[in-house]
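Data file: start01.cif. Format and content: mmCIF, C-alpha atoms and all ligand atoms.
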data_data
#
loop_
_atom_site.group_PDB
_atom_site.id
_atom_site.type_symbol
_atom_site.label_atom_id
_atom_site.label_comp_id
_atom_site.auth_asym_id
_atom_site.auth_seq_id
_atom_site.Cartn_x
_atom_site.Cartn_y
_atom_site.Cartn_z
ATOM 1 C CA MET A 1 163.961 69.093 111.267
ATOM 2 C CA GLU A 2 162.088 66.284 109.455
ATOM 3 C CA THR A 3 159.435 64.095 111.054
ATOM 4 C CA VAL A 4 159.105 60.296 111.055
ATOM 5 C CA LEU A 5 155.796 58.503 111.656
ATOM 6 C CA VAL A 6 156.156 55.132 113.435
ATOM 7 C CA LEU A 7 153.078 52.929 112.898
ATOM 8 C CA GLY A 8 153.099 50.174 115.524
ATOM 9 C CA ALA A 9 155.112 52.112 118.093
ATOM 10 C CA THR A 10 154.432 49.714 120.990
ATOM 11 C CA SER A 11 156.309 46.923 119.214
ATOM 12 C CA ASP A 12 159.859 46.087 120.227
ATOM 13 C CA ILE A 13 161.004 46.877 116.693
ATOM 14 C CA GLY A 14 158.957 50.107 116.651
ATOM 15 C CA ILE A 15 160.497 51.310 119.923
ATOM 16 C CA ALA A 16 164.037 50.643 118.652
ATOM 17 C CA ILE A 17 163.370 52.373 115.308
ATOM 18 C CA ALA A 18 161.778 55.412 116.999
ATOM 19 C CA LYS A 19 164.822 55.786 119.265
ATOM 20 C CA LYS A 20 167.292 55.350 116.387
ATOM 21 C CA PHE A 21 165.651 58.040 114.228
ATOM 22 C CA ALA A 22 165.345 60.348 117.267
ATOM 23 C CA SER A 23 169.064 59.855 117.940
ATOM 24 C CA GLU A 24 169.675 61.012 114.353
ATOM 25 C CA LYS A 25 167.683 64.202 115.094
ATOM 26 C CA TYR A 26 164.335 63.393 113.523
ATOM 27 C CA ASN A 27 161.125 64.444 115.254
ATOM 28 C CA ILE A 28 159.000 61.398 116.002
ATOM 29 C CA GLN A 29 155.260 60.640 115.781
ATOM 30 C CA LEU A 30 154.391 57.468 117.671
ATOM 31 C CA ALA A 31 151.174 55.722 116.577
ATOM 32 C CA ALA A 32 149.652 52.618 118.148
ATOM 33 C CA ARG A 33 146.294 51.095 119.001
ATOM 34 C CA LYS A 34 147.082 51.494 122.723
ATOM 35 C CA PRO A 35 148.479 55.064 122.754
ATOM 36 C CA GLU A 36 148.084 55.194 126.535
ATOM 37 C CA LEU A 37 151.137 52.902 126.769
ATOM 38 C CA LEU A 38 153.380 55.333 124.889
ATOM 39 C CA GLY A 39 153.845 58.032 127.584
ATOM 40 C CA PRO A 40 157.156 56.701 128.966
ATOM 41 C CA LEU A 41 158.645 56.205 125.475
ATOM 42 C CA GLN A 42 157.523 59.709 124.466
ATOM 43 C CA SER A 43 159.202 61.299 127.524
ATOM 44 C CA ASP A 44 162.321 59.183 127.075
ATOM 45 C CA ILE A 45 162.686 60.292 123.441
ATOM 46 C CA GLN A 46 162.041 63.969 124.264
ATOM 47 C CA ILE A 47 164.512 64.062 127.156
ATOM 48 C CA ARG A 48 167.241 61.800 125.817
ATOM 49 C CA TYR A 49 167.361 63.069 122.224
ATOM 50 C CA ASN A 50 165.936 66.579 122.569
ATOM 51 C CA VAL A 51 163.529 66.193 119.621
ATOM 52 C CA GLU A 52 159.747 66.604 119.384
ATOM 53 C CA CYS A 53 157.724 63.473 120.000
ATOM 54 C CA SER A 54 153.926 63.174 119.753
ATOM 55 C CA VAL A 55 151.497 60.290 120.257
ATOM 56 C CA TYR A 56 148.533 59.239 118.090
ATOM 57 C CA ALA A 57 145.902 56.496 118.248
ATOM 58 C CA PHE A 58 146.011 54.179 115.235
ATOM 59 C CA ASP A 59 144.382 50.794 114.661
ATOM 60 C CA ALA A 60 145.422 48.988 111.476
ATOM 61 C CA LEU A 61 142.107 47.103 111.388
ATOM 62 C CA ILE A 62 139.831 50.180 111.462
ATOM 63 C CA PHE A 63 140.391 50.930 107.803
ATOM 64 C CA HIS A 64 137.807 53.729 107.547
ATOM 65 C CA SER A 65 139.662 55.717 110.258
ATOM 66 C CA HIS A 66 142.966 55.840 108.344
ATOM 67 C CA SER A 67 142.256 58.944 106.215
ATOM 68 C CA MET A 68 141.231 60.983 109.249
ATOM 69 C CA PHE A 69 144.248 59.667 111.191
ATOM 70 C CA PHE A 70 146.670 60.830 108.499
ATOM 71 C CA GLU A 71 144.872 64.171 108.140
ATOM 72 C CA THR A 72 145.217 64.778 111.886
ATOM 73 C CA LEU A 73 149.016 64.400 111.840
ATOM 74 C CA SER A 74 150.678 67.730 112.444
ATOM 75 C CA PRO A 75 153.126 68.294 110.872
ATOM 76 C CA LYS A 76 152.809 65.777 108.029
ATOM 77 C CA PRO A 77 155.689 63.300 108.406
ATOM 78 C CA GLU A 78 158.271 63.186 105.602
ATOM 79 C CA THR A 79 158.805 59.472 106.357
ATOM 80 C CA THR A 80 156.239 56.799 107.254
ATOM 81 C CA ILE A 81 157.423 53.498 108.716
ATOM 82 C CA CYS A 82 154.899 50.640 108.792
ATOM 83 C CA ILE A 83 155.898 48.228 111.543
ATOM 84 C CA PHE A 84 152.713 46.751 113.019
ATOM 85 C CA GLY A 85 151.987 43.097 112.353
ATOM 86 C CA THR A 86 150.665 39.948 113.903
ATOM 87 C CA MET A 87 151.721 36.294 113.826
ATOM 88 C CA ASP A 88 149.362 33.710 115.294
ATOM 89 C CA ASP A 89 150.028 30.015 115.619
ATOM 90 C CA GLU A 90 149.646 28.660 112.065
ATOM 91 C CA GLU A 91 147.677 25.538 113.018
ATOM 92 C CA ASP A 92 145.262 27.627 115.118
ATOM 93 C CA ALA A 93 144.842 30.047 112.217
ATOM 94 C CA PHE A 94 144.294 27.213 109.719
ATOM 95 C CA ASN A 95 141.416 25.979 111.892
ATOM 96 C CA ASN A 96 139.963 29.379 112.773
ATOM 97 C CA TRP A 97 138.991 31.824 110.033
ATOM 98 C CA SER A 98 138.904 34.823 112.372
ATOM 99 C CA LEU A 99 142.615 34.333 113.200
ATOM 100 C CA THR A 100 143.491 33.882 109.518
ATOM 101 C CA GLN A 101 141.530 36.999 108.595
ATOM 102 C CA ARG A 102 143.111 39.031 111.398
ATOM 103 C CA MET A 103 146.623 38.146 110.191
ATOM 104 C CA ILE A 104 145.811 38.993 106.562
ATOM 105 C CA ASP A 105 143.917 42.157 107.480
ATOM 106 C CA THR A 106 146.646 43.442 109.810
ATOM 107 C CA ASN A 107 149.765 42.472 107.856
ATOM 108 C CA TYR A 108 148.425 43.241 104.376
ATOM 109 C CA THR A 109 145.060 45.019 104.113
ATOM 110 C CA GLY A 110 145.719 47.429 106.998
ATOM 111 C CA ALA A 111 149.204 48.219 105.724
ATOM 112 C CA VAL A 112 147.942 48.881 102.180
ATOM 113 C CA SER A 113 145.096 51.023 103.503
ATOM 114 C CA ILE A 114 147.336 53.430 105.449
ATOM 115 C CA LEU A 115 150.283 53.391 103.021
ATOM 116 C CA ASN A 116 148.058 54.269 100.023
ATOM 117 C CA ILE A 117 147.044 57.386 101.964
ATOM 118 C CA ALA A 118 150.640 58.315 102.887
ATOM 119 C CA ALA A 119 151.808 57.648 99.313
ATOM 120 C CA ARG A 120 149.106 59.876 97.795
ATOM 121 C CA SER A 121 150.222 62.724 100.061
ATOM 122 C CA TYR A 122 153.903 62.157 99.160
ATOM 123 C CA LEU A 123 153.164 61.940 95.426
ATOM 124 C CA LYS A 124 151.345 65.275 95.616
ATOM 125 C CA ASN A 125 154.377 66.902 97.300
ATOM 126 C CA LYS A 126 156.881 64.991 95.136
ATOM 127 C CA LYS A 127 158.815 64.059 98.288
ATOM 128 C CA GLY A 128 158.676 61.395 100.969
ATOM 129 C CA THR A 129 159.836 57.975 102.106
ATOM 130 C CA ILE A 130 157.835 54.870 102.976
ATOM 131 C CA ILE A 131 159.436 51.966 104.825
ATOM 132 C CA GLY A 132 157.620 48.647 105.264
ATOM 133 C CA ILE A 133 158.744 46.035 107.773
ATOM 134 C CA SER A 134 157.913 42.784 106.040
ATOM 135 C CA SER A 135 159.630 39.405 106.556
ATOM 136 C CA VAL A 136 161.772 36.759 104.890
ATOM 137 C CA ALA A 137 158.708 34.539 105.471
ATOM 138 C CA GLY A 138 157.167 36.240 102.417
ATOM 139 C CA ASP A 139 159.896 34.981 100.070
ATOM 140 C CA ARG A 140 158.530 31.443 99.706
ATOM 141 C CA GLY A 141 155.337 29.721 100.909
ATOM 142 C CA ARG A 142 156.002 27.124 103.601
ATOM 143 C CA ALA A 143 153.618 24.962 105.663
ATOM 144 C CA SER A 144 154.985 26.319 108.957
ATOM 145 C CA LYS A 145 154.275 29.947 107.969
ATOM 146 C CA MET A 146 151.505 29.496 105.396
ATOM 147 C CA ILE A 147 149.128 32.332 106.395
ATOM 148 C CA TYR A 148 151.656 34.725 107.964
ATOM 149 C CA GLY A 149 154.099 34.175 105.071
ATOM 150 C CA SER A 150 151.446 34.754 102.417
ATOM 151 C CA SER A 151 150.354 38.005 104.086
ATOM 152 C CA LYS A 152 153.990 39.176 104.025
ATOM 153 C CA ALA A 153 154.436 37.968 100.412
ATOM 154 C CA ALA A 154 151.472 40.129 99.424
ATOM 155 C CA PHE A 155 152.982 43.037 101.385
ATOM 156 C CA ASN A 156 156.328 42.542 99.559
ATOM 157 C CA ALA A 157 154.566 42.660 96.180
ATOM 158 C CA TYR A 158 152.630 45.779 97.219
ATOM 159 C CA LEU A 159 155.818 47.570 98.352
ATOM 160 C CA ALA A 160 157.609 46.619 95.108
ATOM 161 C CA GLY A 161 154.693 47.981 93.081
ATOM 162 C CA LEU A 162 154.542 51.142 95.175
ATOM 163 C CA ARG A 163 158.305 51.691 94.734
ATOM 164 C CA ASN A 164 157.858 51.345 90.961
ATOM 165 C CA LYS A 165 154.829 53.681 90.960
ATOM 166 C CA CYS A 166 156.459 56.394 93.086
ATOM 167 C CA PHE A 167 160.074 56.441 91.893
ATOM 168 C CA LYS A 168 159.626 59.042 89.138
ATOM 169 C CA ASP A 169 157.992 61.425 91.626
ATOM 170 C CA ASN A 170 160.884 61.372 94.089
ATOM 171 C CA VAL A 171 159.081 59.159 96.620
ATOM 172 C CA HIS A 172 161.264 56.341 97.900
ATOM 173 C CA VAL A 173 159.949 52.994 99.160
ATOM 174 C CA MET A 174 162.154 50.585 101.124
ATOM 175 C CA THR A 175 161.226 46.965 101.917
ATOM 176 C CA VAL A 176 162.751 45.498 105.074
ATOM 177 C CA LYS A 177 162.935 41.708 105.369
ATOM 178 C CA PRO A 178 164.091 40.627 108.825
ATOM 179 C CA GLY A 179 164.899 37.005 109.545
ATOM 180 C CA PHE A 180 164.490 36.255 113.252
ATOM 181 C CA VAL A 181 164.383 39.119 115.767
ATOM 182 C CA TYR A 182 164.223 38.821 119.579
ATOM 183 C CA THR A 183 160.840 40.498 120.313
ATOM 184 C CA ARG A 184 157.511 39.899 122.029
ATOM 185 C CA MET A 185 156.363 38.161 118.807
ATOM 186 C CA THR A 186 159.050 35.473 119.087
ATOM 187 C CA GLU A 187 159.465 35.265 122.878
ATOM 188 C CA ASN A 188 158.086 31.693 122.993
ATOM 189 C CA MET A 189 160.259 30.462 120.143
ATOM 190 C CA GLU A 190 163.745 28.992 120.393
ATOM 191 C CA LEU A 191 165.755 31.087 117.968
ATOM 192 C CA PRO A 192 169.200 30.240 116.530
ATOM 193 C CA ALA A 193 171.451 32.969 117.934
ATOM 194 C CA LEU A 194 173.579 33.290 114.798
ATOM 195 C CA LEU A 195 170.551 33.997 112.587
ATOM 196 C CA THR A 196 168.745 36.278 115.047
ATOM 197 C CA SER A 197 169.089 40.024 115.489
ATOM 198 C CA THR A 198 168.130 42.395 118.267
ATOM 199 C CA PRO A 199 165.647 45.245 117.650
ATOM 200 C CA ALA A 200 168.506 47.758 118.177
ATOM 201 C CA TYR A 201 170.661 46.081 115.514
ATOM 202 C CA LEU A 202 167.676 46.020 113.136
ATOM 203 C CA ALA A 203 167.015 49.718 113.771
ATOM 204 C CA ASP A 204 170.630 50.605 112.892
ATOM 205 C CA VAL A 205 170.435 48.639 109.633
ATOM 206 C CA VAL A 206 167.056 50.197 108.751
ATOM 207 C CA TYR A 207 168.435 53.685 109.388
ATOM 208 C CA ASN A 208 171.527 53.024 107.230
ATOM 209 C CA GLY A 209 169.326 51.613 104.436
ATOM 210 C CA PHE A 210 167.063 54.663 104.660
ATOM 211 C CA ALA A 211 170.050 57.055 104.533
ATOM 212 C CA ARG A 212 171.404 55.216 101.453
ATOM 213 C CA LYS A 213 167.966 54.944 99.775
ATOM 214 C CA LYS A 214 168.149 51.147 99.568
ATOM 215 C CA ASN A 215 165.256 49.304 97.896
ATOM 216 C CA VAL A 216 165.177 45.938 99.698
ATOM 217 C CA ILE A 217 167.237 45.070 102.760
ATOM 218 C CA TYR A 218 167.584 41.772 104.619
ATOM 219 C CA ILE A 219 168.398 41.629 108.343
ATOM 220 C CA LYS A 220 170.838 40.016 108.933
ATOM 221 C CA TRP A 221 172.386 40.435 105.460
ATOM 222 C CA PHE A 222 173.004 36.714 104.890
ATOM 223 C CA TRP A 223 169.248 36.022 104.991
ATOM 224 C CA ARG A 224 169.231 37.248 101.369
ATOM 225 C CA TYR A 225 171.411 34.230 100.448
ATOM 226 C CA ILE A 226 169.571 31.799 102.721
ATOM 227 C CA MET A 227 166.318 32.780 100.992
ATOM 228 C CA LEU A 228 167.984 32.583 97.558
ATOM 229 C CA ILE A 229 168.864 28.952 98.308
ATOM 230 C CA ILE A 230 165.370 28.234 99.675
ATOM 231 C CA LYS A 231 163.770 29.834 96.592
ATOM 232 C CA SER A 232 165.974 27.799 94.251
ATOM 233 C CA ILE A 233 164.792 24.384 95.540
ATOM 234 C CA PRO A 234 162.535 22.860 92.841
ATOM 235 C CA GLU A 235 158.872 22.667 93.863
ATOM 236 C CA PHE A 236 158.661 18.850 93.367
ATOM 237 C CA GLN A 237 161.353 18.541 96.055
ATOM 238 C CA PHE A 238 160.285 21.495 98.200
ATOM 239 C CA LYS A 239 156.770 20.117 98.737
ATOM 240 C CA LYS A 240 158.236 17.001 100.420
ATOM 241 C CA MET A 241 160.384 18.993 102.831
ATOM 242 C CA LYS A 242 159.498 20.045 106.355
ATOM 243 C CA LEU A 243 160.396 23.724 106.613
HETATM 244 N N1 LIG A 301 160.211 39.293 115.541
HETATM 245 C C1 LIG A 301 160.579 38.713 114.407
HETATM 246 O O1 LIG A 301 161.309 37.693 114.386
HETATM 247 C C2 LIG A 301 160.126 39.306 113.088
HETATM 248 C C3 LIG A 301 160.687 38.788 111.922
HETATM 249 C C4 LIG A 301 160.292 39.317 110.706
HETATM 250 C C5 LIG A 301 159.378 40.334 110.663
HETATM 251 N N2 LIG A 301 158.836 40.831 111.825
HETATM 252 C C6 LIG A 301 157.841 41.902 111.719
HETATM 253 O O2 LIG A 301 158.224 42.997 112.513
HETATM 254 C C7 LIG A 301 157.067 43.769 112.838
HETATM 255 C C8 LIG A 301 157.104 44.153 114.321
HETATM 256 O O3 LIG A 301 156.975 42.981 115.100
HETATM 257 P P1 LIG A 301 157.765 42.678 116.456
HETATM 258 O O4 LIG A 301 158.640 41.515 116.226
HETATM 259 O O5 LIG A 301 158.350 43.945 116.975
HETATM 260 O O6 LIG A 301 156.601 42.137 117.376
HETATM 261 P P2 LIG A 301 155.652 42.810 118.473
HETATM 262 O O7 LIG A 301 156.499 43.455 119.531
HETATM 263 O O8 LIG A 301 154.701 41.745 118.846
HETATM 264 O O9 LIG A 301 154.906 43.963 117.665
HETATM 265 C C9 LIG A 301 153.711 43.830 116.968
HETATM 266 C C10 LIG A 301 153.112 45.211 116.891
HETATM 267 O O10 LIG A 301 151.982 45.237 116.016
HETATM 268 C C11 LIG A 301 150.974 45.961 116.661
HETATM 269 N N3 LIG A 301 149.646 45.635 116.160
HETATM 270 C C12 LIG A 301 149.075 44.426 116.057
HETATM 271 N N4 LIG A 301 147.823 44.557 115.573
HETATM 272 C C13 LIG A 301 147.620 45.901 115.384
HETATM 273 C C14 LIG A 301 146.543 46.677 114.930
HETATM 274 N N5 LIG A 301 145.367 46.124 114.576
HETATM 275 N N6 LIG A 301 146.679 48.025 114.859
HETATM 276 C C15 LIG A 301 147.846 48.619 115.222
HETATM 277 N N7 LIG A 301 148.904 47.944 115.688
HETATM 278 C C16 LIG A 301 148.784 46.588 115.762
HETATM 279 C C17 LIG A 301 151.119 45.590 118.129
HETATM 280 O O11 LIG A 301 150.399 46.489 118.946
HETATM 281 P P3 LIG A 301 150.007 46.131 120.480
HETATM 282 O O12 LIG A 301 151.198 46.526 121.309
HETATM 283 O O13 LIG A 301 148.813 46.972 120.726
HETATM 284 O O14 LIG A 301 149.738 44.645 120.531
HETATM 285 C C18 LIG A 301 152.626 45.732 118.243
HETATM 286 O O15 LIG A 301 152.990 47.079 118.369
HETATM 287 C C19 LIG A 301 155.868 42.925 112.423
HETATM 288 O O16 LIG A 301 155.347 43.403 111.203
HETATM 289 C C20 LIG A 301 156.467 41.546 112.232
HETATM 290 O O17 LIG A 301 155.723 40.766 111.308
HETATM 291 C C21 LIG A 301 159.199 40.348 113.036
#

When written as structure tokens, how does the structure in this file appear?
Amino acid sequence: METVLVLGATSDIGIAIAKKFASEKYNIQLAARKPELLGPLQSDIQIRYNVECSVYAFDALIFHSHSMFFETLSPKPETTICIFGTMDDEEDAFNNWSLTQRMIDTNYTGAVSILNIAARSYLKNKKGTIIGISSVAGDRGRASKMIYGSSKAAFNAYLAGLRNKCFKDNVHVMTVKPGFVYTRMTENMELPALLTSTPAYLADVVYNGFARKKNVIYIKWFWRYIMLIIKSIPEFQFKKMKL
């Protein structure tokens, strides 16, 4: 039975993805910066799906700990899913460097740090899958998501490069671009129901994309076309818009 590593397992999306892969008979490794919160999810997965489930401490911002963290994993996961992320209020972040830096360092630097390590291990074995949960916010820079969106844009470019680098060695990289999802991250936002998915729906789509070795998936699917339209607006017009 293969093993899936879930980085950011306390997130609503992480919980749903861990359960979906467990339901498909994958053993699960849950990793989060507050591993003490993962006991109930671990038991639930073990009992409900009858697979192995272990818990690890992982902090995306403690870059120097990432090598040791990956070395400690036993067994080595065949699939690594990078889910952690942070989204602060953009105006607060614009006025406070520590918030800006935390968003960039979590969403981009931390993700690159741990995924470089996983990718090196997969390249050596000529087998493995990396999945990155990014965002449609990375598809075009907008005032309302300037810092968060740019951190996700950088993550998108990294995942595309990694996919290109790893393809010939049988290592697959999938980029996931959700639109809106009902989670702790968006609980104070009013979300348009038609454009918003649940973590369980997202997990199903991620699993199907993984099984079909997709490269880039949008959730929901029509976000691909919404972003195509947004990307096609000429810059001289786009800069005057409030988006
Ligand atoms: N919700 C949406 O509409 C939406 C849309 C597009 C993309 N996304 C992306 O989906 C991913 C999951 O987010 P979510 O919506 O499920 O929100 P969430 O429930 O707030 O999850 C955020 C997760 O990131 C973890 N995290 C933050 N900083 C960390 C660090 N330094 N080290 C390790 N873990 C850290 C949090 O851990 P703690 O529990 O310890 O805080 C939490 O598990 C994020 O990458 C987000 O950008 C979400």

Closest contacts (chain A/ligand LIG 301 (chain A), max 7 Å, all atoms listed in the file) as a tab-separated table:
residue	atom	partner	partner_atom	distance
A:Gly8	CA	A:LIG301	O15	4.2
A:Ala9	CA	A:LIG301	O15	5.5
A:Thr10	CA	A:LIG301	O15	4.0
A:Ser11	CA	A:LIG301	O15	3.4
A:Asp12	CA	A:LIG301	O5	4.2
A:Ile13	CA	A:LIG301	O5	4.0
A:Gly14	CA	A:LIG301	O5	6.2
A:Ala32	CA	A:LIG301	C15	5.3
A:Arg33	CA	A:LIG301	C15	4.8
A:Lys34	CA	A:LIG301	O13	5.2
A:Phe58	CA	A:LIG301	C15	5.9
A:Asp59	CA	A:LIG301	N6	3.6
A:Ala60	CA	A:LIG301	N6	3.7
A:Leu61	CA	A:LIG301	N5	4.7
A:Ile83	CA	A:LIG301	C7	4.8
A:Phe84	CA	A:LIG301	O10	3.4
A:Gly85	CA	A:LIG301	O16	3.6
A:Thr86	CA	A:LIG301	C12	5.2
A:Met87	CA	A:LIG301	O17	6.5
A:Thr106	CA	A:LIG301	N5	5.6
A:Asn107	CA	A:LIG301	O16	6.6
A:Ile133	CA	A:LIG301	O16	5.5
A:Ser134	CA	A:LIG301	C5	5.4
A:Ser135	CA	A:LIG301	C4	4.2
A:Val136	CA	A:LIG301	C4	6.5
A:Lys177	CA	A:LIG301	C4	6.4
A:Pro178	CA	A:LIG301	C4	4.4
A:Gly179	CA	A:LIG301	C3	5.2
A:Phe180	CA	A:LIG301	O1	3.7
A:Val181	CA	A:LIG301	O1	3.7
A:Tyr182	CA	A:LIG301	N1	5.7
A:Thr183	CA	A:LIG301	O4	4.8
A:Arg184	CA	A:LIG301	O7	4.5
A:Met185	CA	A:LIG301	O8	4.0
A:Thr186	CA	A:LIG301	N1	5.3

Met68 in chain A proximity check over A:Ile117, A:Asn170, A:Pro35, A:Lys214, using all atoms listed in the file: winner is A:Ile117

Matched chain/residue IDs from the PyMOL selection byres (((chain A and resi 40-46) around 10) and not hetatm), as a compact mmCIF listing (two decimals) with C-alpha atoms, in the coordinates of the input:
# COMPACT_ATOMS: atom_id res chain seq x y z
CA ALA A 9 155.11 52.11 118.09
CA THR A 10 154.43 49.71 120.99
CA ILE A 15 160.50 51.31 119.92
CA ALA A 18 161.78 55.41 117.00
CA LYS A 19 164.82 55.79 119.26
CA LYS A 20 167.29 55.35 116.39
CA PHE A 21 165.65 58.04 114.23
CA ALA A 22 165.34 60.35 117.27
CA SER A 23 169.06 59.86 117.94
CA ASN A 27 161.12 64.44 115.25
CA ILE A 28 159.00 61.40 116.00
CA GLN A 29 155.26 60.64 115.78
CA LEU A 30 154.39 57.47 117.67
CA GLU A 36 148.08 55.19 126.54
CA LEU A 37 151.14 52.90 126.77
CA LEU A 38 153.38 55.33 124.89
CA GLY A 39 153.84 58.03 127.58
CA ILE A 47 164.51 64.06 127.16
CA ARG A 48 167.24 61.80 125.82
CA TYR A 49 167.36 63.07 122.22
CA ASN A 50 165.94 66.58 122.57
CA VAL A 51 163.53 66.19 119.62
CA GLU A 52 159.75 66.60 119.38
CA CYS A 53 157.72 63.47 120.00
CA SER A 54 153.93 63.17 119.75
CA VAL A 55 151.50 60.29 120.26

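Note that CA of Ile131 in chain A and CA of Lys165 in chain A are 14.7 Å apart.
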
Given the point (174.0, 32.6, 115.9) in the coordinates of this file, which residues lie within 12 Å, counting only C-alpha atoms, and how would they look as a ChimeraX atom specification? /A:179-181,190-198,220,222

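From CA of Val173 in chain A back to CA of Lys213 in chain A, the distance works out to 8.3 Å.
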
Pick the closest to Asp204 in chain A from A:Phe70, A:Val112, A:Asp169, A:Ile219: which is it, counting only C-alpha atoms?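 Under the stated criterion, the closest residue is A:Ile219.
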
Using only C-alpha atoms, which of the listed residues (A:Ala160, A:Met189, A:Leu228, A:Ala93) sits closest to Ile147 in chain A?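 Answer, going by the shortest atom-to-atom distance: A:Ala93.
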
Applied to this file, what does the PyMOL selection byres (((chain A and resi 203) around 8) and not hetatm) return in terms of residues, put as a ChimeraX atom specification? /A:13,16-17,20,199-202,204-207

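With distances taken over all atoms listed in the file, A:Lys127 is the one residue among A:Lys240, A:Arg120, A:Arg212, A:Lys127 lying closest to Thr79 in chain A.
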